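Q: Hey, dropping work_28.txt in here, compact mmCIF, C-alpha atoms:
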# COMPACT_ATOMS: atom_id res chain seq x y z
CA MET E 5 92.80 42.27 13.43
CA LYS E 6 89.17 42.10 14.45
CA THR E 7 87.27 45.32 14.15
CA CYS E 8 83.98 46.65 15.42
CA LEU E 9 82.17 49.81 16.29
CA ILE E 10 81.10 50.69 19.81
CA SER E 11 78.51 53.11 21.10
CA THR E 12 79.38 56.44 22.66
CA LYS E 13 78.47 55.22 26.14
CA TYR E 14 82.11 54.17 26.56
CA ILE E 15 83.37 57.75 26.52
CA GLY E 16 83.36 57.94 30.33
CA PHE E 17 85.50 54.83 30.62
CA LEU E 18 87.97 56.15 28.08
CA LEU E 19 88.32 59.50 29.78
CA MET E 20 88.59 58.10 33.31
CA SER E 21 91.18 55.56 32.22
CA GLY E 22 93.23 58.28 30.56
CA LEU E 23 93.02 56.48 27.23
CA LEU E 24 90.86 58.94 25.34
CA THR E 25 93.59 60.47 23.21
CA THR E 26 92.26 59.82 19.72
CA ALA E 27 89.08 59.04 17.87
CA PHE E 28 87.00 56.09 18.84
CA PRO E 29 84.84 53.93 18.27
CA TYR E 30 87.34 51.36 17.00
CA PHE E 31 89.05 48.72 19.07
CA SER E 32 90.68 45.37 18.39
CA ALA E 33 90.04 42.06 20.03
CA SER E 34 92.35 39.10 20.45
CA GLY E 35 90.77 35.93 21.76
CA ASN E 36 88.56 36.92 24.66
CA THR E 37 90.49 40.09 25.40
CA ALA E 38 89.51 43.40 23.84
CA ARG E 39 91.72 46.44 23.88
CA PHE E 40 91.27 49.94 22.59
CA LEU E 41 93.69 51.17 19.97
CA PHE E 42 95.10 54.55 20.89
CA PRO E 43 98.22 55.61 18.99
CA GLU E 44 100.37 58.25 20.61
CA PRO E 45 98.98 61.68 19.73
CA THR E 46 101.11 64.03 17.72
CA GLN E 47 102.42 66.80 19.96
CA VAL E 48 101.62 70.15 18.38
CA ASN E 49 102.44 73.54 19.83
CA VAL E 50 99.44 75.86 19.60
CA ASP E 51 99.57 79.60 20.17
CA LEU E 52 96.68 80.25 22.52
CA PRO E 53 94.87 83.53 21.84
CA ALA E 54 93.95 85.86 24.65
CA LEU E 55 90.29 85.46 25.59
CA ASN E 56 87.78 87.39 27.58
CA LEU E 57 86.52 84.89 30.15
CA THR E 58 83.93 87.27 31.56
CA GLU E 59 81.44 85.94 29.01
CA THR E 60 78.43 84.24 30.55
CA ILE E 61 78.73 80.47 30.51
CA ILE E 62 75.87 79.01 28.50
CA SER E 63 73.35 77.44 30.86
CA ALA E 64 71.00 75.88 28.31
CA VAL E 65 73.73 73.65 26.93
CA GLN E 66 71.37 71.03 25.54
CA SER E 67 69.49 73.70 23.59
CA GLU E 68 72.76 74.96 22.15
CA LEU E 69 73.78 71.43 21.18
CA ASP E 70 70.42 70.83 19.54
CA LYS E 71 70.73 74.09 17.61
CA ALA E 72 74.21 73.15 16.40
CA ARG E 73 73.01 69.69 15.34
CA ASN E 74 70.10 71.19 13.40
CA GLU E 75 72.57 73.46 11.62
CA GLY E 76 74.97 70.58 10.91
CA LYS E 77 77.75 72.13 12.97
CA VAL E 78 80.69 70.49 14.68
CA VAL E 79 80.80 71.40 18.37
CA PHE E 80 83.87 71.70 20.57
CA LEU E 81 82.29 71.25 23.99
CA VAL E 82 84.50 72.61 26.76
CA VAL E 83 83.62 71.01 30.08
CA THR E 84 84.81 73.43 32.74
CA GLY E 85 85.65 73.04 36.41
CA ALA E 86 86.65 75.16 39.36
CA VAL E 87 90.16 76.16 38.23
CA ALA E 88 89.73 79.29 36.11
CA ALA E 89 93.25 79.26 34.68
CA ASP E 90 92.86 75.72 33.35
CA ASN E 91 89.42 76.53 31.97
CA GLU E 92 90.97 79.45 30.09
CA LYS E 93 93.54 77.19 28.46
CA ALA E 94 90.93 74.63 27.42
CA ILE E 95 88.66 77.29 25.95
CA ALA E 96 91.59 78.74 24.02
CA VAL E 97 92.34 75.36 22.44
CA ALA E 98 88.68 74.94 21.48
CA VAL E 99 88.60 78.42 19.96
CA GLN E 100 91.69 77.63 17.92
CA ALA E 101 90.02 74.44 16.60
CA ASN E 102 86.91 76.48 15.84
CA LYS E 103 88.97 78.87 13.70
CA LEU E 104 90.39 75.95 11.73
CA LYS E 105 87.07 74.22 11.13
CA ASN E 106 84.31 75.81 9.09
CA ASN E 107 80.75 75.50 10.35
CA SER E 108 81.73 74.76 13.93
CA ALA E 109 80.97 76.22 17.34
CA VAL E 110 82.44 76.36 20.83
CA ILE E 111 80.06 75.64 23.71
CA LYS E 112 81.00 75.78 27.38
CA MET E 113 79.47 73.51 29.99
CA ASN E 114 80.00 73.78 33.73
CA ARG E 115 80.21 70.17 34.87
CA ASP E 116 79.12 71.07 38.41
CA ASP E 117 76.01 72.99 37.35
CA GLN E 118 72.94 70.89 38.20
CA ALA E 119 71.31 72.12 35.00
CA ASN E 120 73.87 70.02 33.11
CA LYS E 121 73.59 66.82 35.16
CA ASP E 122 71.78 64.91 32.38
CA LEU E 123 74.53 65.71 29.89
CA VAL E 124 77.22 64.82 32.42
CA SER E 125 75.51 61.45 32.86
CA LYS E 126 75.04 60.98 29.12
CA PHE E 127 78.71 61.58 28.41
CA GLY E 128 79.83 59.55 31.44
CA ILE E 129 82.17 62.28 32.71
CA ALA E 130 81.04 62.64 36.33
CA GLY E 131 84.31 61.16 37.58
CA VAL E 132 86.59 62.90 35.09
CA ALA E 133 88.63 65.87 36.26
CA PRO E 134 87.82 68.97 34.20
CA PRO E 135 88.58 70.78 32.08
CA LEU E 136 88.21 68.57 29.06
CA ILE E 137 87.09 69.09 25.47
CA LEU E 138 84.58 66.81 23.80
CA VAL E 139 84.08 66.78 20.04
CA ILE E 140 80.45 66.53 18.92
CA SER E 141 79.89 65.53 15.30
CA PRO E 142 77.49 67.37 12.94
CA GLY E 143 75.05 64.55 13.65
CA GLY E 144 75.16 65.31 17.36
CA VAL E 145 77.28 62.35 18.47
CA ALA E 146 80.16 62.69 20.95
CA VAL E 147 82.97 61.07 18.98
CA GLY E 148 85.86 61.63 21.35
CA GLY E 149 87.72 64.15 23.42
CA TYR E 150 90.82 65.18 25.29
CA GLN E 151 91.69 66.29 28.77
CA LEU E 152 93.68 69.49 28.90
CA ASP E 153 97.16 67.94 29.02
CA ASN E 154 96.74 66.33 25.59
CA ALA E 155 94.37 68.78 23.95
CA THR E 156 95.50 70.61 20.82
CA ALA E 157 93.41 72.07 18.02
CA GLU E 158 94.94 69.65 15.53
CA ASN E 159 94.19 66.62 17.68
CA LEU E 160 90.60 67.71 18.13
CA LEU E 161 90.15 68.03 14.38
CA LYS E 162 91.50 64.51 13.86
CA LEU E 163 88.56 63.17 15.86
CA LEU E 164 86.00 64.33 13.30
CA PRO E 165 84.28 61.50 11.41
CA SER E 166 83.66 61.49 7.68
CA PRO E 167 80.09 62.33 6.61
CA LYS E 168 79.09 58.68 6.07
CA LYS E 169 80.77 57.53 9.25
CA ASP E 170 78.80 60.17 11.09
CA GLU E 171 75.58 58.77 9.61
CA VAL E 172 76.51 55.34 10.93
CA LEU E 173 77.39 56.69 14.38
CA VAL E 174 74.09 58.58 14.59
CA ALA E 175 72.17 55.39 13.79
CA ILE E 176 74.10 53.37 16.38
CA ASN E 177 73.62 56.13 18.92
CA ASN E 178 69.86 55.83 18.25
CA LYS E 179 70.02 52.05 18.80
CA MET E 180 69.50 51.23 15.14
CA PRO E 181 71.45 48.59 13.18
CA VAL E 182 73.02 49.72 9.92
CA PHE E 183 73.40 48.24 6.45
CA VAL E 184 76.40 49.93 4.85
CA ILE E 185 76.49 49.48 1.08
CA VAL E 186 79.89 50.12 -0.51
CA SER E 187 79.87 50.17 -4.28
CA LYS E 188 80.60 52.06 -7.48
CA LYS E 189 78.22 53.42 -10.08
CA SER E 190 79.72 50.99 -12.57
CA PHE E 191 78.91 47.90 -10.46
CA THR E 192 76.03 46.01 -12.06
CA ASP E 193 74.95 44.42 -8.74
CA GLN E 194 74.50 47.72 -6.89
CA VAL E 195 70.74 48.01 -7.48
CA LYS E 196 70.02 44.44 -6.39
CA SER E 197 72.19 44.84 -3.29
CA LEU E 198 70.20 47.94 -2.35
CA GLU E 199 66.93 46.09 -2.96
CA SER E 200 68.07 43.31 -0.62
CA CYS E 201 68.83 45.83 2.11
CA LYS E 202 65.47 47.52 1.62
CA SER E 203 63.74 44.15 1.95
CA ALA E 204 65.68 43.44 5.14
CA LEU E 205 64.69 46.88 6.39
CA THR E 206 61.02 46.03 5.79
CA GLN E 207 61.41 42.76 7.68
CA MET E 208 62.78 44.74 10.61
CA GLY E 209 59.86 47.16 10.66
CA ASN E 210 62.04 49.92 9.21
CA ASN E 211 63.99 49.97 12.47
CA ALA E 212 67.36 50.11 10.76
CA LYS E 213 69.39 52.45 8.59
CA ILE E 214 70.84 52.09 5.09
CA VAL E 215 74.01 54.06 4.38
CA GLN E 216 75.47 54.04 0.87
CA MET E 217 79.11 54.83 0.11
CA ASP E 218 80.99 55.23 -3.15
CA LEU E 219 84.31 53.44 -3.38
CA ASP E 220 85.63 56.42 -5.35
CA ASP E 221 84.80 58.90 -2.57
CA SER E 222 88.18 59.95 -1.17
CA LYS E 223 86.56 61.45 1.94
CA GLU E 224 85.29 57.99 2.93
CA MET E 225 88.33 55.88 2.08
CA GLU E 226 89.63 55.73 5.65
CA PHE E 227 86.23 54.62 6.92
CA ILE E 228 85.89 52.05 4.14
CA ASN E 229 89.26 50.60 5.14
CA GLN E 230 88.24 50.59 8.79
CA LEU E 231 85.18 48.57 7.86
CA GLY E 232 87.47 46.00 6.25
CA VAL E 233 85.93 46.21 2.79
CA ASN E 234 87.91 44.73 -0.08
CA THR E 235 88.54 47.83 -2.18
CA VAL E 236 89.73 45.87 -5.23
CA SER E 237 86.61 43.75 -5.44
CA ALA E 238 84.39 44.29 -8.50
CA THR E 239 81.22 43.52 -6.54
CA THR E 240 79.14 45.57 -4.13
CA ALA E 241 79.83 45.00 -0.43
CA THR E 242 77.19 45.14 2.29
CA VAL E 243 78.52 45.57 5.82
CA VAL E 244 76.04 44.82 8.61
CA ILE E 245 76.46 46.57 11.97
CA ASN E 246 74.24 45.75 14.95
CA THR E 247 72.89 48.14 17.58
CA ALA E 248 75.95 47.56 19.76
CA GLY E 249 78.14 48.83 16.93
CA GLN E 250 79.54 45.39 16.13
CA ILE E 251 80.20 44.32 12.56
CA THR E 252 78.19 41.12 12.30
CA GLY E 253 78.81 40.33 8.65
CA THR E 254 80.18 41.52 5.32
CA TYR E 255 78.57 40.22 2.13
CA TYR E 256 79.77 40.63 -1.45
CA GLY E 257 77.06 40.75 -4.08
CA PRO E 258 73.31 40.80 -3.39
CA ALA E 259 72.59 38.95 -0.14
CA ASP E 260 69.42 37.26 1.00
CA ALA E 261 67.26 39.81 2.86
CA THR E 262 66.45 37.41 5.71
CA ILE E 263 70.14 36.69 6.24
CA LEU E 264 70.85 40.41 6.37
CA ALA E 265 68.03 41.01 8.87
CA ASN E 266 69.16 38.15 11.10
CA SER E 267 72.73 39.39 10.96
CA ALA E 268 71.64 42.86 12.06
CA LYS E 269 69.88 41.37 15.10
CA LYS E 270 72.84 39.35 16.32
CA VAL E 271 74.54 40.20 19.59
CA MET E 272 78.13 39.08 20.00
CA SER E 273 80.53 38.81 22.89
CA GLY E 274 83.45 39.68 20.62
CA CYS E 275 83.96 41.19 17.17
CA CYS E 276 84.03 39.68 13.74
CA PRO E 277 86.79 40.31 11.23
CA GLY E 278 85.87 43.35 9.20
CA SER E 279 86.56 41.45 5.97
CA SER E 280 84.46 38.44 6.91
CA LYS E 281 82.11 37.30 4.15
CA LYS E 282 79.87 35.49 6.61
CA SER E 283 77.82 36.57 9.56
CA CYS E 284 79.13 35.71 12.99
CA GLY E 285 78.24 35.86 16.63
CA LYS E 286 76.62 32.46 17.01
Mind turning this structure into structure tokens?

A:
Amino acid sequence: MKTCLISTKYIGFLLMSGLLTTAFPYFSASGNTARFLFPEPTQVNVDLPALNLTETIISAVQSELDKARNEGKVVFLVVTGAVAADNEKAIAVAVQANKLKNNSAVIKMNRDDQANKDLVSKFGIAGVAPPLILVISPGGVAVGGYQLDNATAENLLKLLPSPKKDEVLVAINNKMPVFVIVSKKSFTDQVKSLESCKSALTQMGNNAKIVQMDLDDSKEMEFINQLGVNTVSATTATVVINTAGQITGTYYGPADATILANSAKKVMSGCCPGSSKKSCGK
């Protein structure tokens, strides 16, 4: 399987195509054809609490999102429409997810309110029938969402990225390439691998991000596997991701800084294998 990351600009396509039923940004590519991987969501029955819908819908949604990001909160963003009964159901699901997730918030956004037009454009949801629930990471990145028919609290929680994955997504969302260093404290090449990445960062005018992960961190194991890192290797791995979210190379042991910088600048029409030890995208 070939694996890469994609930017959040695809959220509109996923929602409109009806495919946004689990976390992105991963998809596989075979030959010249790319397809998104969306396993069937687990159907969970959720008891929806009674809610008072007479509350004023927040108008300054962007301010609320900024506040949540500054506080490191997960946001369940309920995009509402004209059908009050459906809005009520969507809000109830979001509230249930909020109860299950510490340090989270529920924010409502009227898709048809002109005050929210910039956010509607940003999320690419102008042509998507509301209501729907978007999940915003603690870093402020929209990582996925569900339309009402498939929305459950449990499914929303499954969309949440790990802390290090969120760091990577934030960088990509800010159009910055990323050097992901995966190592252990016991690896003797860890310091030199970090030095190589710092040198590459300097060559790029500091317009890149270094994210370090510990192979022993259980919270990051799923993300490490998604990146295609060899978890039994006794050497430090450096995964390079370009601004399009594509994995352009994986290097074991300290790599030449110029090679790392060039890899980060590459733009590819497809995706490289996550376990590749060489850069790609010629």

Q: For Val174 in chain E, which residue among E:Ser141, E:Thr156, E:Ser203, E:Asn120 is the nearest when counting only C-alpha atoms?

A: E:Ser141

Q: Taking 6 positions as the minimum chain separation for residues in the same chain, which residues sit within 8 Å of Pro135 in chain E when counting all atoms listed in the file? Answer as a list of chain:residue names.

A: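 Near Pro135 in chain E, the qualifying residues are E:Val82, E:Val83, E:Thr84, E:Gly85, E:Asp90, E:Asn91, E:Ala94, E:Gln151, E:Leu152.
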
Q: Considering only C-alpha atoms, state which residue in the set E:Leu164, E:Ile137, E:Ala146, E:Ala64 is at the smallest distance from Asn177 in chain E.

A: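 Of E:Leu164, E:Ile137, E:Ala146, E:Ala64, the one nearest Asn177 in chain E is E:Ala146, counting only C-alpha atoms.
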
Q: CA of Pro142 in chain E and CA of Gln194 in chain E, how far apart in Å?

A: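 Distance reported for this atom pair: 28.1 Å.
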
Q: Check which residues of range 157-231 of chain E sit at most 9 Å from range 250-265 of chain E using all atoms listed in the file, and return one row each with the closest pair of atoms and their distance in Å to one decimal, ordered by chain and rising number, as JSON lines.

A:
{"residue": "E:Phe183", "atom": "CA", "partner": "E:Leu264", "partner_atom": "CA", "distance": 8.2}
{"residue": "E:Asp193", "atom": "CA", "partner": "E:Gly257", "partner_atom": "CA", "distance": 6.3}
{"residue": "E:Gln194", "atom": "CA", "partner": "E:Pro258", "partner_atom": "CA", "distance": 7.8}
{"residue": "E:Val195", "atom": "CA", "partner": "E:Pro258", "partner_atom": "CA", "distance": 8.7}
{"residue": "E:Lys196", "atom": "CA", "partner": "E:Pro258", "partner_atom": "CA", "distance": 5.8}
{"residue": "E:Ser197", "atom": "CA", "partner": "E:Pro258", "partner_atom": "CA", "distance": 4.2}
{"residue": "E:Leu198", "atom": "CA", "partner": "E:Pro258", "partner_atom": "CA", "distance": 7.9}
{"residue": "E:Glu199", "atom": "CA", "partner": "E:Pro258", "partner_atom": "CA", "distance": 8.3}
{"residue": "E:Ser200", "atom": "CA", "partner": "E:Ala261", "partner_atom": "CA", "distance": 5.0}
{"residue": "E:Cys201", "atom": "CA", "partner": "E:Ala261", "partner_atom": "CA", "distance": 6.3}
{"residue": "E:Lys202", "atom": "CA", "partner": "E:Ala261", "partner_atom": "CA", "distance": 8.0}
{"residue": "E:Ser203", "atom": "CA", "partner": "E:Ala261", "partner_atom": "CA", "distance": 5.7}
{"residue": "E:Ala204", "atom": "CA", "partner": "E:Ala261", "partner_atom": "CA", "distance": 4.6}
{"residue": "E:Leu205", "atom": "CA", "partner": "E:Ala265", "partner_atom": "CA", "distance": 7.2}
{"residue": "E:Gln207", "atom": "CA", "partner": "E:Ala265", "partner_atom": "CA", "distance": 7.0}
{"residue": "E:Met208", "atom": "CA", "partner": "E:Ala265", "partner_atom": "CA", "distance": 6.7}
{"residue": "E:Leu231", "atom": "CA", "partner": "E:Ile251", "partner_atom": "CA", "distance": 8.1}

Q: List as an NGL selection string the protein and nucleic acid residues near Val145 in chain E, meaning an atom at most 12 Å away when all atoms listed in the file are counted, but skip any in the same chain fewer than 6 places from it.

A: :E and (11-13 or 15 or 28-29 or 69-70 or 72-73 or 76-81 or 126-127 or 138-139 or 163-165 or 169-178)

Q: So what do you get for CA of Val244 in chain E versus CA of Ala268 in chain E, distance-wise?

A: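 According to the coordinates, CA of Val244 in chain E and CA of Ala268 in chain E are separated by 5.9 Å.
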
Q: Provide the CA of Asn159 in chain E to CA of Ala109 in chain E distance in Å, to one decimal place.

A: 16.3 Å

Q: Using only C-alpha atoms, pick whichever of E:Ala155, E:Leu161, E:Val99, E:Val243 has the shortest atom-to-atom distance to Val186 in chain E.

A: E:Val243

Q: Draw an axis-aligned box over all listed atoms of range 130-149 of chain E, pad each side with 5 Å, and write its centre and edge lengths in Å, one decimal, as AutoDock Vina command-line options.

A:
--center_x 81.8 --center_y 65.9 --center_z 25.3 --size_x 23.6 --size_y 19.7 --size_z 34.6

Q: For Thr242 in chain E, which residue out of E:Met217, E:Glu226, E:Met272, E:Val184 is the nearest one, using only C-alpha atoms?

A: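 That would be E:Val184, the residue with the smallest distance to Thr242 in chain E.
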
Q: Between E:Thr247, E:Ile129, E:Pro167, E:Lys112, which residue has the minimum interatomic distance to Gly143 in chain E, considering only C-alpha atoms?

A: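 When distances to Gly143 in chain E are compared using only C-alpha atoms, the smallest one comes from E:Pro167.
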
Q: Just want the 12 Å neighbourhood of Ile228 in chain E, counted on only C-alpha atoms, with same-chain residues fewer than 6 positions away dropped. Output as a PyMOL selection string.

A: chain E and resi 166+168-169+184-187+216-222+234-236+241-243+278-279

Q: Let's have the selection written as a PDB file, in the coordinates of the input, with C-alpha atoms.

A:
ATOM      1  CA  SER E 166      83.660  61.490   7.680  1.00  0.00           C
ATOM      2  CA  LYS E 168      79.090  58.680   6.070  1.00  0.00           C
ATOM      3  CA  LYS E 169      80.770  57.530   9.250  1.00  0.00           C
ATOM      4  CA  VAL E 184      76.400  49.930   4.850  1.00  0.00           C
ATOM      5  CA  ILE E 185      76.490  49.480   1.080  1.00  0.00           C
ATOM      6  CA  VAL E 186      79.890  50.120  -0.510  1.00  0.00           C
ATOM      7  CA  SER E 187      79.870  50.170  -4.280  1.00  0.00           C
ATOM      8  CA  GLN E 216      75.470  54.040   0.870  1.00  0.00           C
ATOM      9  CA  MET E 217      79.110  54.830   0.110  1.00  0.00           C
ATOM     10  CA  ASP E 218      80.990  55.230  -3.150  1.00  0.00           C
ATOM     11  CA  LEU E 219      84.310  53.440  -3.380  1.00  0.00           C
ATOM     12  CA  ASP E 220      85.630  56.420  -5.350  1.00  0.00           C
ATOM     13  CA  ASP E 221      84.800  58.900  -2.570  1.00  0.00           C
ATOM     14  CA  SER E 222      88.180  59.950  -1.170  1.00  0.00           C
ATOM     15  CA  ASN E 234      87.910  44.730  -0.080  1.00  0.00           C
ATOM     16  CA  THR E 235      88.540  47.830  -2.180  1.00  0.00           C
ATOM     17  CA  VAL E 236      89.730  45.870  -5.230  1.00  0.00           C
ATOM     18  CA  ALA E 241      79.830  45.000  -0.430  1.00  0.00           C
ATOM     19  CA  THR E 242      77.190  45.140   2.290  1.00  0.00           C
ATOM     20  CA  VAL E 243      78.520  45.570   5.820  1.00  0.00           C
ATOM     21  CA  GLY E 278      85.870  43.350   9.200  1.00  0.00           C
ATOM     22  CA  SER E 279      86.560  41.450   5.970  1.00  0.00           C
TER      23      SER E 279
END

Q: For Arg115 in chain E, which residue among E:Ala96, E:Ala101, E:Ile214, E:Val65 is the nearest when counting all atoms listed in the file?

A: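 Looking only at the distances to Arg115 in chain E, the closest residue turns out to be E:Val65.
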
Q: Is it possible to dump range 189-198 of chain E as a PDB file, in the first residue's frame, including just all heavy atoms?

A:
ATOM      1  N   LYS E 189      15.019   6.712  23.260  1.00  0.00           N
ATOM      2  CA  LYS E 189      16.083   7.359  24.023  1.00  0.00           C
ATOM      3  C   LYS E 189      17.369   6.549  23.967  1.00  0.00           C
ATOM      4  O   LYS E 189      18.470   7.100  24.087  1.00  0.00           O
ATOM      5  CB  LYS E 189      15.641   7.537  25.477  1.00  0.00           C
ATOM      6  CG  LYS E 189      14.491   8.530  25.659  1.00  0.00           C
ATOM      7  CD  LYS E 189      14.103   8.656  27.119  1.00  0.00           C
ATOM      8  CE  LYS E 189      12.949   9.645  27.286  1.00  0.00           C
ATOM      9  NZ  LYS E 189      12.517   9.774  28.702  1.00  0.00           N
ATOM     10  N   SER E 190      17.230   5.246  23.786  1.00  0.00           N
ATOM     11  CA  SER E 190      18.411   4.376  23.777  1.00  0.00           C
ATOM     12  C   SER E 190      19.143   4.377  22.433  1.00  0.00           C
ATOM     13  O   SER E 190      20.256   3.855  22.333  1.00  0.00           O
ATOM     14  CB  SER E 190      17.995   2.943  24.115  1.00  0.00           C
ATOM     15  OG  SER E 190      17.052   2.459  23.163  1.00  0.00           O
ATOM     16  N   PHE E 191      18.555   4.958  21.390  1.00  0.00           N
ATOM     17  CA  PHE E 191      19.188   4.946  20.068  1.00  0.00           C
ATOM     18  C   PHE E 191      20.348   5.943  20.046  1.00  0.00           C
ATOM     19  O   PHE E 191      20.160   7.141  20.308  1.00  0.00           O
ATOM     20  CB  PHE E 191      18.178   5.300  18.979  1.00  0.00           C
ATOM     21  CG  PHE E 191      17.178   4.216  18.676  1.00  0.00           C
ATOM     22  CD1 PHE E 191      17.164   3.026  19.378  1.00  0.00           C
ATOM     23  CD2 PHE E 191      16.240   4.386  17.662  1.00  0.00           C
ATOM     24  CE1 PHE E 191      16.250   2.033  19.094  1.00  0.00           C
ATOM     25  CE2 PHE E 191      15.321   3.399  17.364  1.00  0.00           C
ATOM     26  CZ  PHE E 191      15.319   2.218  18.085  1.00  0.00           C
ATOM     27  N   THR E 192      21.526   5.453  19.694  1.00  0.00           N
ATOM     28  CA  THR E 192      22.722   6.301  19.718  1.00  0.00           C
ATOM     29  C   THR E 192      22.758   7.311  18.572  1.00  0.00           C
ATOM     30  O   THR E 192      23.513   8.279  18.626  1.00  0.00           O
ATOM     31  CB  THR E 192      23.982   5.424  19.652  1.00  0.00           C
ATOM     32  OG1 THR E 192      23.946   4.615  18.461  1.00  0.00           O
ATOM     33  CG2 THR E 192      24.073   4.513  20.879  1.00  0.00           C
ATOM     34  N   ASP E 193      21.942   7.107  17.539  1.00  0.00           N
ATOM     35  CA  ASP E 193      21.966   8.009  16.378  1.00  0.00           C
ATOM     36  C   ASP E 193      20.890   9.100  16.466  1.00  0.00           C
ATOM     37  O   ASP E 193      20.727   9.891  15.534  1.00  0.00           O
ATOM     38  CB  ASP E 193      21.800   7.221  15.083  1.00  0.00           C
ATOM     39  CG  ASP E 193      20.465   6.477  15.010  1.00  0.00           C
ATOM     40  OD1 ASP E 193      19.759   6.409  16.032  1.00  0.00           O
ATOM     41  OD2 ASP E 193      20.131   5.971  13.925  1.00  0.00           O
ATOM     42  N   GLN E 194      20.170   9.155  17.572  1.00  0.00           N
ATOM     43  CA  GLN E 194      19.056  10.093  17.684  1.00  0.00           C
ATOM     44  C   GLN E 194      19.522  11.549  17.600  1.00  0.00           C
ATOM     45  O   GLN E 194      18.934  12.370  16.894  1.00  0.00           O
ATOM     46  CB  GLN E 194      18.307   9.860  18.989  1.00  0.00           C
ATOM     47  CG  GLN E 194      17.093  10.760  19.174  1.00  0.00           C
ATOM     48  CD  GLN E 194      16.354  10.495  20.480  1.00  0.00           C
ATOM     49  OE1 GLN E 194      16.921   9.924  21.400  1.00  0.00           O
ATOM     50  NE2 GLN E 194      15.109  10.903  20.551  1.00  0.00           N
ATOM     51  N   VAL E 195      20.602  11.870  18.315  1.00  0.00           N
ATOM     52  CA  VAL E 195      21.086  13.253  18.350  1.00  0.00           C
ATOM     53  C   VAL E 195      21.543  13.703  16.973  1.00  0.00           C
ATOM     54  O   VAL E 195      21.211  14.806  16.520  1.00  0.00           O
ATOM     55  CB  VAL E 195      22.234  13.396  19.370  1.00  0.00           C
ATOM     56  CG1 VAL E 195      22.843  14.793  19.271  1.00  0.00           C
ATOM     57  CG2 VAL E 195      21.729  13.143  20.782  1.00  0.00           C
ATOM     58  N   LYS E 196      22.284  12.855  16.268  1.00  0.00           N
ATOM     59  CA  LYS E 196      22.773  13.220  14.939  1.00  0.00           C
ATOM     60  C   LYS E 196      21.631  13.340  13.939  1.00  0.00           C
ATOM     61  O   LYS E 196      21.672  14.195  13.042  1.00  0.00           O
ATOM     62  CB  LYS E 196      23.803  12.197  14.453  1.00  0.00           C
ATOM     63  CG  LYS E 196      25.131  12.276  15.199  1.00  0.00           C
ATOM     64  CD  LYS E 196      26.173  11.341  14.591  1.00  0.00           C
ATOM     65  CE  LYS E 196      27.511  11.487  15.301  1.00  0.00           C
ATOM     66  NZ  LYS E 196      28.548  10.576  14.720  1.00  0.00           N
ATOM     67  N   SER E 197      20.623  12.502  14.074  1.00  0.00           N
ATOM     68  CA  SER E 197      19.453  12.600  13.184  1.00  0.00           C
ATOM     69  C   SER E 197      18.735  13.928  13.396  1.00  0.00           C
ATOM     70  O   SER E 197      18.303  14.577  12.439  1.00  0.00           O
ATOM     71  CB  SER E 197      18.498  11.432  13.434  1.00  0.00           C
ATOM     72  OG  SER E 197      19.077  10.206  13.058  1.00  0.00           O
ATOM     73  N   LEU E 198      18.625  14.342  14.655  1.00  0.00           N
ATOM     74  CA  LEU E 198      18.001  15.629  14.959  1.00  0.00           C
ATOM     75  C   LEU E 198      18.836  16.778  14.411  1.00  0.00           C
ATOM     76  O   LEU E 198      18.294  17.748  13.852  1.00  0.00           O
ATOM     77  CB  LEU E 198      17.825  15.772  16.470  1.00  0.00           C
ATOM     78  CG  LEU E 198      17.249  17.107  16.960  1.00  0.00           C
ATOM     79  CD1 LEU E 198      15.876  17.367  16.341  1.00  0.00           C
ATOM     80  CD2 LEU E 198      17.158  17.110  18.488  1.00  0.00           C
TER      81      LEU E 198
END
